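> So that we are looking at the same thing, I have put the structure below in structure tokens.
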Amino acid sequence: MSRLHKIISELEEISTHPGRAVRKQMEKTGKKAVGCFPYYTPEEIIYAAGMLPVGMWGGQSEIKQADTYLQSFCCSIMRENLEQGMSGVYDMLSAVIIPTYCDTLKCVCENWKVAVPQIKTIPMVYPQNRATSAGVAYMTDEYRRVIKELEAMTGAEITETELLKSIALYEGYRRTIRKFVAISGHYPKTLNARVRHAVIKAGFFCDKKNYSTMIGELLSELKKVPSEKSEGIRVVLTGILAEPDALLDLFDENGVTIVADDLAQESRQFRTSVDMGENALEMLAYRYAIQECSLLYDEAKRRGTLLKDLVKDNRADGVVIVMMKFCDPEEFDYPIYKKELEEEGIPMLYLEIEQKMDSVEQLRTRIQAFTEMVMHKSLFYNGKENDDVHGY
Amino acid sequence: MYMGIDIGSSSSKAVILDKTRRILASAVVNTGTGTQGPEKVVETALALAGLFPEDILYRVATGYGRMLYGKADRQITEISCHARGAAYLVPEAGTIIDIGGQDAKIIRVDRDGRVENFVMNDKCAAGTGRFIEVMARILDCPIDQLAELSTRATEEIAISSTCTVFAESEVISQLASGAKRENVAKGAHHSIAMRVAGLGGRIGIRPIVVMTGGVALNLEIVRALESEIGYRIVVAENPQATGALGAALYAAECNL
């Protein structure tokens, strides 16, 4: 196995077995681990406290106990997180930080205290108006409260120097993974939809220092091999996340290359850099103030513009909306950007997903029909000649 | 000769075209994917055309069972195939409504018959052939006589549940409280029309509207749908076989 494929399979292993990966890192580093609920938690602070931030992004297990707290019409990520918390999957965590971005999260914050009492809850409330001085002041106060809770756990002070070091490390991680995202569309076979997702997701379960090194090495290995030709259509993904793997396999089966994403679990995590602030906490608050996501109040309603730019900059053929079932913030955004993309004549495919899906047959038909629609000219008029070109 | 095979959830269809794209045979068997239906329909179509399997130069499979059927040269979705078939029959078609046994699709096509946009119903069976099957069963009426039953209605009993299972209980309680079967039948037809029209609202309907799929055989649904969407509907000739026809047309093109 080449070095390139070895790194990829290591990252895939981490991404598919997060519990194992986290425990291994804890043993290796002697660090305690703190869980981070979606969507944005101050990982830099946890890291500066000498602990390991761990992303909590649901899973595919069967819901048995979480029904007590969250009905079947709640988002599947939150139901999974609670289920796994209740069944002890997260028992290696010393605490979880639960932010309050949506209505379900607000409930989960309270549910967790009762349902998973063995793991300490650290709630975080975010300001609606982020880019005002009051918003930044509120945010830094909230960070200070979290710092106090973490300090009580470790018994050590989180210094400004440690915070600045941690921010620098995270900025480095963001730059590296952005490079990976930018280059992944050039390797539609090696970095197909499933691999691309696994590589990015692995970051949630690694010490970001090691992870950045791994991605850096992956990038330099990629440079040694020639880029690959995509045979089908090029798309931008938008939504909370693109799972399960069976869905990603459908993209691969139909020759769909993901050339960019606007997913909360992927690019929205790392596309924004720190660009101002007098001290570490202000830097974090200002970065948060300019982040763009359906979960964060955006008066300017910029998502349509952002998607149009992603399509244009990456020469994409269309946008695939992976709509997390029962996600109000994502659904609220949809009619607004749908209209804007329609006006531009950008083809769109709307897929409603849940983290665990028993059958993906309907999705298969939709994805295949979308590729046929986008490539119809060749299918319709030229028959065989273009078939071969596009690998139908 | 070219063959299109449409393997749906509740029926299998096959169409054979000659080299000039004239329809030689068209067959429908009322069992779908996972049964002997696909084999049977291919045999029937070949027999009708007086051909042998080796006379077929290219086969395209479509429909829900397209990936399972091992004997096709290529698989194309029913979205593209219904559009292709309908545009062949009605060249001026702007929108195609295909209601099958398990799903409903609205496909907008451009002037050249290319798919511009499409929308499919979500997982549930509301607004599909399955809904009619369930209604026919509780109204104790053969499915092909349901439209006729509805024409004898004196008033319409509205069915407010979208979900097929809930609608079933709702209708049972309506019947239990003395509602007439024909009035309930009328409500059932209207319910499907509303569901499908709502789906159409998502992508916009442009005339001429062509209806394909097995449910188009029920003229009461066609009528109810016309009044919901505000356009006349042209029912494709042999609507069940439109997808197979489109697949056969693709087969002819693929083999060029």
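So you can find residues: chains in the structure tokens are A, B, ... in the order shown, residues in each start at 1, and ligands are numbered from 1 in order.
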Fewer than 2 positions away in the same chain doesn't count, so skip those; otherwise give me all residues within 10 Å of range 22-32 of chain B, counting only C-alpha atoms, as a ChimeraX atom specification.

/B:1-20,34-51,63-65,101,238,240-242,244-245,248-249

> What are the closest atom pairs, with distances in Å to one decimal, for each residue of chain B lying within 10 Å of chain A, using only C-alpha atoms, rows by chain and rising residue number, as CSV?


residue,atom,partner,partner_atom,distance
B:Thr62,CA,A:Thr365,CA,9.9
B:Gly63,CA,A:Thr365,CA,8.6
B:Tyr64,CA,A:Thr365,CA,7.8
B:Gly65,CA,A:Glu361,CA,9.8
B:Arg66,CA,A:Thr365,CA,9.9
B:Arg74,CA,A:Tyr392,CA,8.4
B:Gln75,CA,A:Tyr392,CA,9.1
B:Ile76,CA,A:Ala369,CA,7.8
B:Thr77,CA,A:Ala369,CA,5.6
B:Glu78,CA,A:Ala369,CA,7.9
B:Ile79,CA,A:Ala369,CA,6.1
B:Ser80,CA,A:Ala369,CA,6.6
B:Cys81,CA,A:Ala369,CA,9.7
B:Arg84,CA,A:Phe380,CA,8.7
B:Asp103,CA,A:Gln362,CA,9.5
B:Val109,CA,A:Met373,CA,9.9
B:Asp112,CA,A:Phe380,CA,9.5
B:Gly113,CA,A:Phe380,CA,9.0
B:Arg114,CA,A:His376,CA,6.7
B:Val115,CA,A:Met373,CA,5.5
B:Glu116,CA,A:Met373,CA,6.8
B:Asn117,CA,A:Met373,CA,7.6
B:Phe118,CA,A:Phe370,CA,8.5
B:Val119,CA,A:Arg366,CA,8.6
B:Met120,CA,A:Arg366,CA,8.0
B:Asn121,CA,A:Gln362,CA,9.6
B:Asp122,CA,A:Glu352,CA,8.4
B:Lys123,CA,A:Gln362,CA,7.8
B:Leu249,CA,A:Phe380,CA,9.6
B:Tyr250,CA,A:Phe380,CA,7.6
B:Ala251,CA,A:Gly383,CA,9.2
B:Ala252,CA,A:Gly383,CA,9.0
B:Glu253,CA,A:Gly383,CA,5.4
B:Cys254,CA,A:Gly383,CA,4.8
B:Asn255,CA,A:Lys384,CA,7.0
B:Leu256,CA,A:Gly383,CA,6.7

> Generate a file of the selected residues that holds N, CA, C and O atoms, formatted as a short mmCIF file (atom, residue, chain, number, x, y, z; two decimals), in the first residue's frame.


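As written to disk, again_32.cif reads:
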data_model
loop_
_atom_site.label_atom_id
_atom_site.label_comp_id
_atom_site.auth_asym_id
_atom_site.auth_seq_id
_atom_site.Cartn_x
_atom_site.Cartn_y
_atom_site.Cartn_z
N THR B 62 -35.55 0.62 -17.02
CA THR B 62 -35.87 1.80 -16.23
C THR B 62 -36.81 1.39 -15.11
O THR B 62 -37.19 0.23 -15.02
N GLY B 63 -37.16 2.33 -14.26
CA GLY B 63 -38.08 2.04 -13.16
C GLY B 63 -37.34 1.59 -11.91
O GLY B 63 -36.12 1.40 -11.90
N TYR B 64 -38.12 1.40 -10.87
CA TYR B 64 -37.58 1.06 -9.56
C TYR B 64 -36.67 -0.17 -9.60
O TYR B 64 -35.66 -0.26 -8.91
N GLY B 65 -37.01 -1.14 -10.46
CA GLY B 65 -36.24 -2.38 -10.50
C GLY B 65 -35.14 -2.41 -11.53
O GLY B 65 -34.59 -3.46 -11.82
N ARG B 66 -34.78 -1.23 -12.07
CA ARG B 66 -33.83 -1.19 -13.20
C ARG B 66 -32.45 -1.75 -12.86
O ARG B 66 -31.78 -2.32 -13.72
N ARG B 74 -28.16 -1.05 -20.43
CA ARG B 74 -27.99 0.20 -19.73
C ARG B 74 -29.22 0.51 -18.86
O ARG B 74 -30.31 0.06 -19.18
N GLN B 75 -28.98 1.26 -17.77
CA GLN B 75 -30.11 1.64 -16.90
C GLN B 75 -30.27 3.16 -16.94
O GLN B 75 -29.29 3.88 -16.77
N ILE B 76 -31.46 3.59 -17.20
CA ILE B 76 -31.74 5.03 -17.20
C ILE B 76 -32.95 5.25 -16.30
O ILE B 76 -33.86 4.42 -16.27
N THR B 77 -32.97 6.34 -15.55
CA THR B 77 -34.07 6.52 -14.59
C THR B 77 -35.40 6.73 -15.29
O THR B 77 -35.46 7.20 -16.42
N GLU B 78 -36.46 6.44 -14.54
CA GLU B 78 -37.80 6.61 -15.09
C GLU B 78 -38.12 8.09 -15.33
O GLU B 78 -39.00 8.42 -16.11
N ILE B 79 -37.40 8.98 -14.64
CA ILE B 79 -37.63 10.41 -14.87
C ILE B 79 -37.30 10.74 -16.33
O ILE B 79 -38.12 11.30 -17.06
N SER B 80 -36.11 10.37 -16.75
CA SER B 80 -35.69 10.64 -18.13
C SER B 80 -36.56 9.88 -19.12
O SER B 80 -36.91 10.40 -20.17
N CYS B 81 -36.90 8.63 -18.78
CA CYS B 81 -37.66 7.81 -19.72
C CYS B 81 -39.10 8.28 -19.91
O CYS B 81 -39.60 8.31 -21.03
N ARG B 84 -38.94 11.32 -22.06
CA ARG B 84 -38.63 10.95 -23.45
C ARG B 84 -39.85 10.37 -24.14
O ARG B 84 -40.19 10.75 -25.26
N ASP B 103 -44.97 5.87 -6.40
CA ASP B 103 -44.56 7.27 -6.30
C ASP B 103 -45.17 8.15 -7.38
O ASP B 103 -45.75 7.66 -8.34
N VAL B 109 -40.25 19.63 -18.89
CA VAL B 109 -39.34 19.43 -20.02
C VAL B 109 -39.27 20.70 -20.86
O VAL B 109 -40.21 21.49 -20.90
N ASP B 112 -37.28 20.88 -26.41
CA ASP B 112 -36.70 19.72 -27.09
C ASP B 112 -36.96 18.41 -26.35
O ASP B 112 -36.36 17.40 -26.66
N GLY B 113 -37.82 18.48 -25.33
CA GLY B 113 -38.14 17.26 -24.59
C GLY B 113 -37.08 16.88 -23.57
O GLY B 113 -37.06 15.75 -23.09
N ARG B 114 -36.19 17.81 -23.25
CA ARG B 114 -35.17 17.50 -22.24
C ARG B 114 -35.68 17.84 -20.85
O ARG B 114 -36.40 18.82 -20.68
N VAL B 115 -35.25 17.04 -19.87
CA VAL B 115 -35.69 17.29 -18.49
C VAL B 115 -35.08 18.60 -18.01
O VAL B 115 -33.87 18.79 -18.08
N GLU B 116 -35.94 19.51 -17.56
CA GLU B 116 -35.46 20.79 -17.06
C GLU B 116 -35.38 20.75 -15.54
O GLU B 116 -34.49 21.30 -14.93
N ASN B 117 -36.36 20.08 -14.96
CA ASN B 117 -36.43 19.96 -13.51
C ASN B 117 -37.43 18.85 -13.18
O ASN B 117 -38.28 18.53 -13.99
N PHE B 118 -37.30 18.29 -12.00
CA PHE B 118 -38.26 17.26 -11.62
C PHE B 118 -38.45 17.26 -10.12
O PHE B 118 -37.63 17.77 -9.38
N VAL B 119 -39.57 16.70 -9.70
CA VAL B 119 -39.80 16.57 -8.27
C VAL B 119 -40.50 15.24 -8.05
O VAL B 119 -41.31 14.81 -8.86
N MET B 120 -40.10 14.56 -7.00
CA MET B 120 -40.72 13.26 -6.66
C MET B 120 -41.38 13.38 -5.31
O MET B 120 -40.93 14.16 -4.48
N ASN B 121 -42.43 12.59 -5.08
CA ASN B 121 -43.02 12.58 -3.75
C ASN B 121 -42.03 12.00 -2.76
O ASN B 121 -41.10 11.31 -3.14
N ASP B 122 -42.22 12.32 -1.50
CA ASP B 122 -41.33 11.79 -0.49
C ASP B 122 -41.74 10.35 -0.20
O ASP B 122 -42.60 9.81 -0.85
N LYS B 123 -41.10 9.81 0.82
CA LYS B 123 -41.24 8.38 1.06
C LYS B 123 -42.69 7.88 1.14
O LYS B 123 -42.97 6.77 0.76
N LEU B 249 -36.83 4.17 -26.79
CA LEU B 249 -36.30 5.25 -27.64
C LEU B 249 -34.83 5.51 -27.30
O LEU B 249 -34.00 5.71 -28.18
N TYR B 250 -34.51 5.49 -26.00
CA TYR B 250 -33.10 5.64 -25.61
C TYR B 250 -32.28 4.48 -26.14
O TYR B 250 -31.15 4.66 -26.58
N ALA B 251 -32.87 3.27 -26.09
CA ALA B 251 -32.15 2.09 -26.57
C ALA B 251 -31.79 2.28 -28.05
O ALA B 251 -30.67 1.98 -28.47
N ALA B 252 -32.74 2.82 -28.82
CA ALA B 252 -32.50 3.05 -30.25
C ALA B 252 -31.37 4.06 -30.43
O ALA B 252 -30.49 3.89 -31.28
N GLU B 253 -31.36 5.10 -29.57
CA GLU B 253 -30.32 6.13 -29.68
C GLU B 253 -28.96 5.61 -29.22
O GLU B 253 -27.94 5.94 -29.81
N CYS B 254 -28.98 4.82 -28.17
CA CYS B 254 -27.73 4.30 -27.63
C CYS B 254 -27.04 3.39 -28.62
O CYS B 254 -25.84 3.22 -28.60
N ASN B 255 -27.85 2.73 -29.47
CA ASN B 255 -27.28 1.73 -30.36
C ASN B 255 -26.83 2.34 -31.69
O ASN B 255 -26.44 1.63 -32.59
N LEU B 256 -26.91 3.66 -31.81
CA LEU B 256 -26.54 4.30 -33.09
C LEU B 256 -25.11 4.00 -33.47
O LEU B 256 -24.24 3.96 -32.61
#

> Kindly indicate which residue among B:Gly100, B:Gly200, B:Pro91, B:Pro53 lies nearest to Gly214 in chain B, using only C-alpha atoms for the distances.

B:Gly100

> Which residue is closest to Cys75 in chain A? Choose from A:Ser212, A:Ser2, A:Gln355, A:Thr29 and count only C-alpha atoms.

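Once distances to Cys75 in chain A are computed over only C-alpha atoms, the minimum belongs to A:Gln355.
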
> Extract, using only C-alpha atoms, all DNA, RNA and protein residues at most 9 Å from Lys120 in chain A, discarding same-chain residues fewer than 6 positions from it, and format them as a list in words.

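Once the nearby chain positions are removed, what remains is Leu93, Ser94, Ala95, Val96, Ile97, Trp112 and Lys113 of chain A.
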
> Calculate how many Å separate CA of Phe205 in chain A from CA of Pro53 in chain A, rounding to one decimal.

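Between CA of Phe205 in chain A and CA of Pro53 in chain A the gap is 7.7 Å.
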
> Looking only at the backbone, which of the residues in range 19-206 of chain B does DSSP tag as helix (DSSP H, G or I), as number ranges by chain?

B: 37-49, 53-55, 78-89, 129-138, 143-151, 164-176, 181-203

> With only C-alpha atoms as the counted atoms, please give the residues lying no more than 9 Å from range 258-275 of chain A, apart from itself and same-chain residues fewer than 2 positions off, as an mmCIF file with N, CA and C atoms, in the first residue's frame.


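Printed below is around-v9.cif as written:
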data_model
loop_
_atom_site.group_PDB
_atom_site.id
_atom_site.type_symbol
_atom_site.label_atom_id
_atom_site.label_comp_id
_atom_site.auth_asym_id
_atom_site.auth_seq_id
_atom_site.Cartn_x
_atom_site.Cartn_y
_atom_site.Cartn_z
ATOM 1 N N PRO A 38 -22.609 19.754 18.185
ATOM 2 C CA PRO A 38 -22.671 20.668 17.049
ATOM 3 C C PRO A 38 -23.303 21.983 17.485
ATOM 4 N N TYR A 39 -23.041 23.157 16.889
ATOM 5 C CA TYR A 39 -22.282 23.149 15.653
ATOM 6 C C TYR A 39 -20.931 23.825 15.846
ATOM 7 N N TYR A 40 -20.915 24.851 16.690
ATOM 8 C CA TYR A 40 -19.652 25.562 16.904
ATOM 9 C C TYR A 40 -19.430 25.734 18.397
ATOM 10 N N TRP A 57 -21.113 14.097 16.518
ATOM 11 C CA TRP A 57 -21.952 14.261 15.323
ATOM 12 C C TRP A 57 -22.851 13.071 15.079
ATOM 13 N N ILE A 167 -4.983 29.076 19.495
ATOM 14 C CA ILE A 167 -5.611 29.740 18.335
ATOM 15 C C ILE A 167 -4.711 29.602 17.109
ATOM 16 N N GLU A 171 -5.667 27.871 13.662
ATOM 17 C CA GLU A 171 -5.592 28.593 12.380
ATOM 18 C C GLU A 171 -4.799 27.759 11.371
ATOM 19 N N TYR A 173 -4.505 24.492 11.370
ATOM 20 C CA TYR A 173 -5.374 23.361 10.993
ATOM 21 C C TYR A 173 -6.373 23.799 9.924
ATOM 22 N N ARG A 174 -6.962 24.974 10.121
ATOM 23 C CA ARG A 174 -7.972 25.452 9.155
ATOM 24 C C ARG A 174 -7.354 25.674 7.782
ATOM 25 N N ARG A 175 -6.159 26.268 7.768
ATOM 26 C CA ARG A 175 -5.498 26.499 6.470
ATOM 27 C C ARG A 175 -5.223 25.165 5.766
ATOM 28 N N ILE A 177 -6.679 22.107 6.156
ATOM 29 C CA ILE A 177 -7.847 21.350 5.696
ATOM 30 C C ILE A 177 -8.556 22.082 4.542
ATOM 31 N N ARG A 178 -8.434 23.417 4.538
ATOM 32 C CA ARG A 178 -9.000 24.165 3.390
ATOM 33 C C ARG A 178 -8.265 23.790 2.105
ATOM 34 N N VAL A 181 -9.648 20.525 0.952
ATOM 35 C CA VAL A 181 -10.969 20.688 0.326
ATOM 36 C C VAL A 181 -10.819 21.245 -1.093
ATOM 37 N N ALA A 182 -9.908 22.200 -1.243
ATOM 38 C CA ALA A 182 -9.723 22.825 -2.556
ATOM 39 C C ALA A 182 -9.178 21.831 -3.575
ATOM 40 N N ILE A 183 -8.339 20.933 -3.114
ATOM 41 C CA ILE A 183 -7.676 20.016 -4.050
ATOM 42 C C ILE A 183 -8.499 18.736 -4.294
ATOM 43 N N SER A 184 -9.433 18.407 -3.381
ATOM 44 C CA SER A 184 -10.105 17.100 -3.451
ATOM 45 C C SER A 184 -10.842 16.893 -4.777
ATOM 46 N N GLY A 185 -11.406 17.949 -5.341
ATOM 47 C CA GLY A 185 -12.115 17.823 -6.615
ATOM 48 C C GLY A 185 -11.228 17.409 -7.775
ATOM 49 N N HIS A 186 -9.910 17.560 -7.601
ATOM 50 C CA HIS A 186 -8.984 17.156 -8.669
ATOM 51 C C HIS A 186 -8.680 15.668 -8.630
ATOM 52 N N PRO A 188 -11.101 12.868 -8.141
ATOM 53 C CA PRO A 188 -12.433 12.283 -7.906
ATOM 54 C C PRO A 188 -12.423 10.782 -7.623
ATOM 55 N N ASN A 192 -12.818 10.119 -3.503
ATOM 56 C CA ASN A 192 -14.237 10.122 -3.877
ATOM 57 C C ASN A 192 -15.077 10.638 -2.705
ATOM 58 N N ALA A 193 -16.387 10.693 -2.912
ATOM 59 C CA ALA A 193 -17.258 11.331 -1.914
ATOM 60 C C ALA A 193 -17.087 10.718 -0.520
ATOM 61 N N ARG A 196 -13.475 11.611 0.834
ATOM 62 C CA ARG A 196 -13.402 13.048 1.131
ATOM 63 C C ARG A 196 -14.064 13.339 2.474
ATOM 64 N N HIS A 197 -15.247 12.750 2.665
ATOM 65 C CA HIS A 197 -15.998 12.962 3.903
ATOM 66 C C HIS A 197 -15.242 12.385 5.107
ATOM 67 N N ILE A 200 -12.217 14.514 6.196
ATOM 68 C CA ILE A 200 -12.597 15.738 6.908
ATOM 69 C C ILE A 200 -13.156 15.404 8.292
ATOM 70 N N LYS A 201 -13.998 14.385 8.350
ATOM 71 C CA LYS A 201 -14.663 14.048 9.611
ATOM 72 C C LYS A 201 -13.669 13.570 10.673
ATOM 73 N N ILE A 233 -20.671 14.647 -13.406
ATOM 74 C CA ILE A 233 -20.969 16.042 -13.117
ATOM 75 C C ILE A 233 -20.257 16.498 -11.842
ATOM 76 N N ARG A 234 -20.129 17.815 -11.710
ATOM 77 C CA ARG A 234 -19.440 18.423 -10.569
ATOM 78 C C ARG A 234 -20.474 19.177 -9.737
ATOM 79 N N VAL A 235 -20.508 18.902 -8.448
ATOM 80 C CA VAL A 235 -21.534 19.549 -7.628
ATOM 81 C C VAL A 235 -20.975 20.199 -6.361
ATOM 82 N N VAL A 236 -21.759 21.142 -5.855
ATOM 83 C CA VAL A 236 -21.509 21.760 -4.552
ATOM 84 C C VAL A 236 -22.556 21.199 -3.599
ATOM 85 N N LEU A 237 -22.143 20.745 -2.424
ATOM 86 C CA LEU A 237 -23.108 20.240 -1.438
ATOM 87 C C LEU A 237 -23.431 21.347 -0.446
ATOM 88 N N THR A 238 -24.703 21.434 -0.049
ATOM 89 C CA THR A 238 -25.048 22.386 0.999
ATOM 90 C C THR A 238 -26.000 21.720 1.984
ATOM 91 N N GLY A 239 -25.853 22.055 3.262
ATOM 92 C CA GLY A 239 -26.706 21.454 4.291
ATOM 93 C C GLY A 239 -25.942 21.281 5.581
ATOM 94 N N ILE A 240 -26.461 20.439 6.462
ATOM 95 C CA ILE A 240 -25.808 20.197 7.750
ATOM 96 C C ILE A 240 -24.665 19.205 7.554
ATOM 97 N N LEU A 241 -24.987 18.038 7.003
ATOM 98 C CA LEU A 241 -23.943 17.057 6.713
ATOM 99 C C LEU A 241 -24.419 16.130 5.606
ATOM 100 N N ALA A 242 -23.466 15.415 5.007
ATOM 101 C CA ALA A 242 -23.809 14.466 3.949
ATOM 102 C C ALA A 242 -23.478 13.065 4.435
ATOM 103 N N PHE A 251 -23.274 9.005 -4.913
ATOM 104 C CA PHE A 251 -22.571 10.044 -5.693
ATOM 105 C C PHE A 251 -21.464 9.386 -6.506
ATOM 106 N N VAL A 256 -20.583 11.453 -9.678
ATOM 107 C CA VAL A 256 -20.755 12.822 -9.201
ATOM 108 C C VAL A 256 -19.533 13.212 -8.358
ATOM 109 N N GLY A 277 -9.026 41.318 16.855
ATOM 110 C CA GLY A 277 -9.246 41.081 18.286
ATOM 111 C C GLY A 277 -8.035 41.506 19.088
ATOM 112 N N MET A 283 -10.497 37.556 19.875
ATOM 113 C CA MET A 283 -10.210 36.960 18.571
ATOM 114 C C MET A 283 -11.230 35.870 18.251
ATOM 115 N N LEU A 284 -11.513 35.040 19.257
ATOM 116 C CA LEU A 284 -12.504 33.971 19.054
ATOM 117 C C LEU A 284 -13.893 34.554 18.797
ATOM 118 N N TYR A 286 -14.671 37.538 17.610
ATOM 119 C CA TYR A 286 -14.765 38.198 16.296
ATOM 120 C C TYR A 286 -14.827 37.179 15.169
ATOM 121 N N ARG A 287 -14.099 36.093 15.315
ATOM 122 C CA ARG A 287 -14.173 35.056 14.280
ATOM 123 C C ARG A 287 -15.603 34.520 14.216
ATOM 124 N N TYR A 288 -16.152 34.268 15.395
ATOM 125 C CA TYR A 288 -17.521 33.763 15.461
ATOM 126 C C TYR A 288 -18.489 34.765 14.827
ATOM 127 N N ILE A 290 -18.148 36.640 12.308
ATOM 128 C CA ILE A 290 -18.218 36.666 10.838
ATOM 129 C C ILE A 290 -18.467 35.290 10.211
ATOM 130 N N GLN A 291 -18.674 34.286 11.046
ATOM 131 C CA GLN A 291 -18.978 32.960 10.499
ATOM 132 C C GLN A 291 -20.338 32.956 9.828
ATOM 133 N N GLU A 292 -20.481 32.118 8.786
ATOM 134 C CA GLU A 292 -21.758 32.057 8.085
ATOM 135 C C GLU A 292 -22.326 30.645 8.131
ATOM 136 N N CYS A 293 -23.571 30.563 8.602
ATOM 137 C CA CYS A 293 -24.218 29.253 8.748
ATOM 138 C C CYS A 293 -25.707 29.491 8.980
ATOM 139 N N SER A 294 -26.519 28.527 8.568
ATOM 140 C CA SER A 294 -27.967 28.665 8.760
ATOM 141 C C SER A 294 -28.331 28.780 10.240
ATOM 142 N N LEU A 295 -27.463 28.256 11.110
ATOM 143 C CA LEU A 295 -27.731 28.281 12.547
ATOM 144 C C LEU A 295 -27.421 29.647 13.164
ATOM 145 N N LEU A 306 -23.335 33.147 -1.573
ATOM 146 C CA LEU A 306 -22.221 32.254 -1.252
ATOM 147 C C LEU A 306 -22.245 31.002 -2.136
ATOM 148 N N LEU A 307 -23.434 30.420 -2.304
ATOM 149 C CA LEU A 307 -23.546 29.209 -3.126
ATOM 150 C C LEU A 307 -23.256 29.513 -4.594
ATOM 151 N N LEU A 310 -19.597 29.702 -4.965
ATOM 152 C CA LEU A 310 -18.967 28.375 -4.917
ATOM 153 C C LEU A 310 -19.132 27.646 -6.248
ATOM 154 N N VAL A 311 -20.319 27.778 -6.846
ATOM 155 C CA VAL A 311 -20.585 27.132 -8.136
ATOM 156 C C VAL A 311 -19.658 27.712 -9.201
ATOM 157 N N ASN A 314 -15.771 27.045 -8.649
ATOM 158 C CA ASN A 314 -15.356 25.650 -8.786
ATOM 159 C C ASN A 314 -15.895 24.996 -10.058
ATOM 160 N N ARG A 315 -16.406 25.800 -10.949
ATOM 161 C CA ARG A 315 -16.994 25.325 -12.213
ATOM 162 C C ARG A 315 -17.917 24.133 -11.972
ATOM 163 N N ALA A 316 -18.837 24.316 -11.023
ATOM 164 C CA ALA A 316 -19.754 23.223 -10.697
ATOM 165 C C ALA A 316 -20.936 23.233 -11.660
ATOM 166 N N VAL A 322 -28.551 18.737 0.691
ATOM 167 C CA VAL A 322 -28.787 17.585 1.562
ATOM 168 C C VAL A 322 -29.515 18.120 2.792
#

> By how many Å are CA of Leu52 in chain A and CA of Gly88 in chain A apart?

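Atom-to-atom, CA of Leu52 in chain A and CA of Gly88 in chain A are spaced 18.6 Å apart.
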
> Which residue out of B:Val196, B:Ala87, B:Ala224, B:Val184 has the minimum interatomic distance to Asp140 in chain B when only C-alpha atoms are used?

B:Val184

> Hey, what's within 10 Å of Ile215 in chain A if we count only C-alpha atoms and toss same-chain stuff fewer than 6 positions away? As an NGL selection string, please?

:A and (7-8 or 11 or 173 or 176-177 or 179-180 or 199-200 or 203 or 221)

> With C-alpha atoms retained, write the just-selected residues as an mmCIF file, in the first residue's frame.


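Saved the output as part20.cif:
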data_model
loop_
_atom_site.group_PDB
_atom_site.id
_atom_site.type_symbol
_atom_site.label_atom_id
_atom_site.label_comp_id
_atom_site.auth_asym_id
_atom_site.auth_seq_id
_atom_site.Cartn_x
_atom_site.Cartn_y
_atom_site.Cartn_z
ATOM 1 C CA ILE A 7 -2.771 7.844 5.360
ATOM 2 C CA ILE A 8 -6.231 7.706 3.789
ATOM 3 C CA LEU A 11 -8.118 8.618 8.522
ATOM 4 C CA TYR A 173 -5.374 23.361 10.993
ATOM 5 C CA THR A 176 -4.391 22.903 5.928
ATOM 6 C CA ILE A 177 -7.847 21.350 5.696
ATOM 7 C CA LYS A 179 -6.186 23.183 1.035
ATOM 8 C CA PHE A 180 -7.405 19.601 1.138
ATOM 9 C CA VAL A 199 -10.816 12.569 5.796
ATOM 10 C CA ILE A 200 -12.597 15.738 6.908
ATOM 11 C CA GLY A 203 -10.550 15.833 12.367
ATOM 12 C CA GLU A 221 1.682 12.727 -1.197
#

> For Gln60 in chain A, work out the shell of residues within 12 Å, counting only C-alpha atoms and skipping chain neighbours fewer than 5 positions away, then give it as a count of residues only.

19

> Can you tell me how far CA of Ala185 in chain B sits from CA of Ser150 in chain B, in Å to one decimal?

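Atom-to-atom, CA of Ala185 in chain B to CA of Ser150 in chain B, that is 5.0 Å.
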
> Restricting the calculation to only C-alpha atoms, which member of A:Val136, A:Glu151, A:Ser61, A:Pro123 is positioned closest to Ile46 in chain A?

A:Glu151
